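Reviewing the structure listed below.
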Amino acid sequence: MHLNAFLMGVGHHEAAWRHPSTEPRRITDIRHYQDLARTAERGKLDSLFLADGLALWGNARHNALGGLEPLTLLAALATVTDHIGLIATVSTTYNEPFHVARKLASLDHISGGRAGWNIVTSAGEAEAANFGVTRPSHGVRYHRAEEFLQVAINLWDSWSEDAVVADRRAGVFADTGKIRPLDHEGTHFRVRGPLNVQRPPQGRPLLVQAGSSEDGKEFAARFAEAVFTAQQTLPDAQEFYADLKARLHPYGREPHELKILPGASPIIGSTEREALRLERDLEELIIPAYGVQQLSNIFGVDLSDHPLDGPLPADLTQNPDGQQSRQRLVLDLARREGLSIGQLIKRLAGGRGHRVVAGTPEQIADHLQEWFEYGGADGFNIMPPLLPGGLADFVDYVVPELQIRGLFRKEYESRTLRGHYGLEAA
């Protein structure tokens, strides 16, 4: 299986910053992230991933918010690691293709072929407000993303692999016949090209996507090489897995060319009782007002006047221009299990809709193995509830269990991120 470490501040649980094992002031400390990167590489994980948004997420009064820009941070992490992939979230809605292609090509060179791009379309109204625009509709965002990505790919391809000849005697550094302009004119972009960075070592970075709406799944089937997704149950994961793999054929792609990695937030204890106690300790640190605000943000509806011990409003529906897949997941979870708003807040606090699993290393491995072997996943996006301790526990106790079972590598077999995911250079 493939394993990605999703690094977020001092942990994915929204109360992580209040736990005595974390140091919330370190969320802008490069040494914190360098230590995490080294730990993930020690576990032979395929990659690490940094989320990003173009607005301040949540309420900084009640959570440790305000982090570092991913591409800048990953360039620093590249210098203290040798193998692990480095995946940055970058929006196609509030950037230009030339900027993004240039930065990712630079990261790929700096890291020796370990760059990845998590492609997002930025659904938040607060993000649009930071750029003085009205949030584009869901369909428009994905249409722009398709053109954006195609332009970026063409920019990476604007330098042939053998364009640089460096012939000192003849005075020729590059064969300019192998450096091509794009002259792209589309609906959203006009880009002349070529890129002013030589062809990336991987040809192009690993392309990652996380949307699970219909538009998101079609986008993934056409372009993505790894998908980060969220499911609560194995049947839901199997349905998503089968659906997305089946969409590849019309685009001339094979199932092995796309890896599906559901999120998993492991709460690890030496005994099940210890793990459940840690889970309860974190729940007791939750600030209800913060959880209600997060839930309100998901649906774009103020839920603060609704009682915590009552259900979600019966007339609550999905916002078509918001995060469609996450809204659907939360609604399904609440209604399937009959959760009150307060109970739902606790369920979402650990992973924002991703599966939270509390148990011993063996029990965590059992869960991952079941989803992997029964058609629910090609691997997992590991979301430690506490950092750095949760990642260290996963690497030191769960990874060896997976290795014993023959489910995970014992040594790196490739130097590139695409190689880790079983893909050829582009």
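Residue numbers start at 1 in each chain; chains themselves are named A, B, ... in the order of the structure tokens; ligands are numbered from 1 in the order shown.
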
For stretch 295-302 of chain A, list every protein, DNA or RNA residue within 12 Å, evaluated using only C-alpha atoms, and leave out those in the same chain fewer than 5 positions away; present the list as a count of residues only.
42

Nearby residues (only C-alpha atoms) at most 10 Å from A:Gln232, same-chain spacing under 3 positions excluded, as a ChimeraX atom specification:
/A:235-237,262-264,329-330,332-333,353-356

Requested write-out: C-alpha atoms of the selected residues, as a PDB file, in the first residue's frame:
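Output (again.pdb):
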ATOM      1  CA  PRO A 235     -18.895   0.088   1.680  1.00  0.00           C
ATOM      2  CA  ASP A 236     -18.717   3.821   0.917  1.00  0.00           C
ATOM      3  CA  ALA A 237     -14.987   3.520   0.218  1.00  0.00           C
ATOM      4  CA  PRO A 262      -8.733   7.728   1.897  1.00  0.00           C
ATOM      5  CA  GLY A 263      -7.885   9.751   4.970  1.00  0.00           C
ATOM      6  CA  ALA A 264      -7.292   7.876   8.220  1.00  0.00           C
ATOM      7  CA  LEU A 329     -20.487  13.089   3.774  1.00  0.00           C
ATOM      8  CA  VAL A 330     -21.425  15.084   6.885  1.00  0.00           C
ATOM      9  CA  ASP A 332     -25.005  11.200   5.529  1.00  0.00           C
ATOM     10  CA  LEU A 333     -23.029  10.611   8.740  1.00  0.00           C
ATOM     11  CA  GLY A 353     -15.044  13.812   8.005  1.00  0.00           C
ATOM     12  CA  HIS A 354     -12.158  11.420   7.541  1.00  0.00           C
ATOM     13  CA  ARG A 355     -12.205   8.088   9.352  1.00  0.00           C
ATOM     14  CA  VAL A 356     -10.866   8.181  12.924  1.00  0.00           C
TER      15      VAL A 356
END

Write out as a ChimeraX atom specification each polymer residue whose atoms come within 8 Å of stretch 100-110 of chain A, counting only C-alpha atoms; drop sequence neighbours fewer than 4 positions from it.
/A:71,74-75,78-79,90,95-96,114-117,152-153,155-156,195-202,204-205

Nearest residue to A:Glu413 out of A:Lys44, A:Lys178, A:His249, A:His12, using only C-alpha atoms?
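Distance minimum relative to A:Glu413 lands on A:Lys44.
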
For stretch 242-245 of chain A: contacts at 9 Å, only C-alpha atoms, fewer than 3 positions along chain excluded, given as a list in words:
Lys217, Glu218, Ala220, Ala221, Ala237, Gln238, Glu239, Leu248, His249, Glu254, Pro255, His256, Leu258, Ile260, Gly375 and Gly376 of chain A

Within 7 Å of stretch 223-225 of chain A, counting only C-alpha atoms, which residues show up once you throw out same-chain ones fewer than 3 positions away? Write them as a PyMOL selection string, please.
chain A and resi 206-209+219-220+257-259

Restricting it to N, CA and C atoms, dump the selection as a PDB file, in the first residue's frame.
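Output file result-v4.pdb follows:
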ATOM      1  N   LEU A 206       3.948  14.740  -9.559  1.00  0.00           N
ATOM      2  CA  LEU A 206       2.804  13.873  -9.336  1.00  0.00           C
ATOM      3  C   LEU A 206       1.566  14.755  -9.195  1.00  0.00           C
ATOM      4  N   LEU A 207       0.490  14.407  -9.899  1.00  0.00           N
ATOM      5  CA  LEU A 207      -0.732  15.199  -9.885  1.00  0.00           C
ATOM      6  C   LEU A 207      -1.734  14.558  -8.931  1.00  0.00           C
ATOM      7  N   VAL A 208      -2.133  15.326  -7.924  1.00  0.00           N
ATOM      8  CA  VAL A 208      -3.015  14.828  -6.863  1.00  0.00           C
ATOM      9  C   VAL A 208      -4.278  15.678  -6.850  1.00  0.00           C
ATOM     10  N   GLN A 209      -5.402  15.057  -6.486  1.00  0.00           N
ATOM     11  CA  GLN A 209      -6.675  15.767  -6.470  1.00  0.00           C
ATOM     12  C   GLN A 209      -7.490  15.253  -5.294  1.00  0.00           C
ATOM     13  N   PHE A 219     -12.653  15.090 -13.202  1.00  0.00           N
ATOM     14  CA  PHE A 219     -11.346  15.744 -13.275  1.00  0.00           C
ATOM     15  C   PHE A 219     -10.250  14.765 -12.854  1.00  0.00           C
ATOM     16  N   ALA A 220     -10.490  14.035 -11.774  1.00  0.00           N
ATOM     17  CA  ALA A 220      -9.513  13.059 -11.292  1.00  0.00           C
ATOM     18  C   ALA A 220      -9.287  11.953 -12.314  1.00  0.00           C
ATOM     19  N   GLU A 257      -2.880   3.414 -12.827  1.00  0.00           N
ATOM     20  CA  GLU A 257      -2.350   4.754 -13.049  1.00  0.00           C
ATOM     21  C   GLU A 257      -2.937   5.784 -12.094  1.00  0.00           C
ATOM     22  N   LEU A 258      -3.894   5.380 -11.269  1.00  0.00           N
ATOM     23  CA  LEU A 258      -4.510   6.280 -10.296  1.00  0.00           C
ATOM     24  C   LEU A 258      -4.583   5.581  -8.945  1.00  0.00           C
ATOM     25  N   LYS A 259      -3.963   6.164  -7.932  1.00  0.00           N
ATOM     26  CA  LYS A 259      -3.962   5.600  -6.582  1.00  0.00           C
ATOM     27  C   LYS A 259      -4.976   6.364  -5.733  1.00  0.00           C
TER      28      LYS A 259
END

Just give me the gap between atom CA of A:Val10 and atom CA of A:Leu387 in Å, one decimal is fine.
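Interatomic distance here is 4.5 Å.
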
I need the strand (DSSP E or B) residues of stretch 243-354 of chain A per DSSP on the backbone, written as a PyMOL selection string.
chain A and resi 259-268

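Among the candidate residues A:Asp309, A:Gly132, A:Arg222, A:Gly11, the one lying nearest to A:Tyr251 is A:Arg222, with distances computed using only C-alpha atoms.
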
Go ahead and compute the interatomic distance for atom CA of A:Ala174 and atom CA of A:Ala426, in Å to one decimal.
21.0 Å

For a test of reading the model, state the distance in Å between atom CA of A:Val133 and atom CA of A:Thr92, rounded to one decimal.
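Straight-line distance from atom CA of A:Val133 to atom CA of A:Thr92 works out to 14.6 Å.
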
Got a sec: who's within 9 Å of A:Arg180, counting only C-alpha atoms, leaving out chain neighbours fewer than 5 positions off, as a PyMOL selection string?
chain A and resi 155+157-160+193-195

Of the listed residues A:His367, A:Arg247, A:Arg418, A:His2, that which approaches A:Asn381 most closely, counting only C-alpha atoms
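Under the stated criterion, the closest residue is A:His2.
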
Counting only C-alpha atoms, the residue among A:Gln150, A:His32, A:Ala60, A:Ala358 that lies closest to A:Pro97 is A:Gln150

Where in stretch 255-291 of chain A does DSSP assign helix (DSSP H, G or I), given as a PyMOL selection string?
chain A and resi 255-257+272-284+288-291

Set the distance at 10 Å and use only C-alpha atoms: which residues neighbour A:Phe380 once local chain neighbours fewer than 2 positions away are removed? I'd like the list as a list in words.
Met1, His2, Leu3, Asn4, Ala5, Phe6, Val227, Phe228, Thr229, Lys259, Ile260, Leu261, Pro262, Gly263, Ala264, Ser265, Leu368, Trp371, Phe372, Ala377, Asp378, Ile382 and Met383 of chain A

So which one's closest to A:Ser212, A:Gly43, A:Ile287, A:Val120, A:Glu127? Using only C-alpha atoms, please.
A:Val120
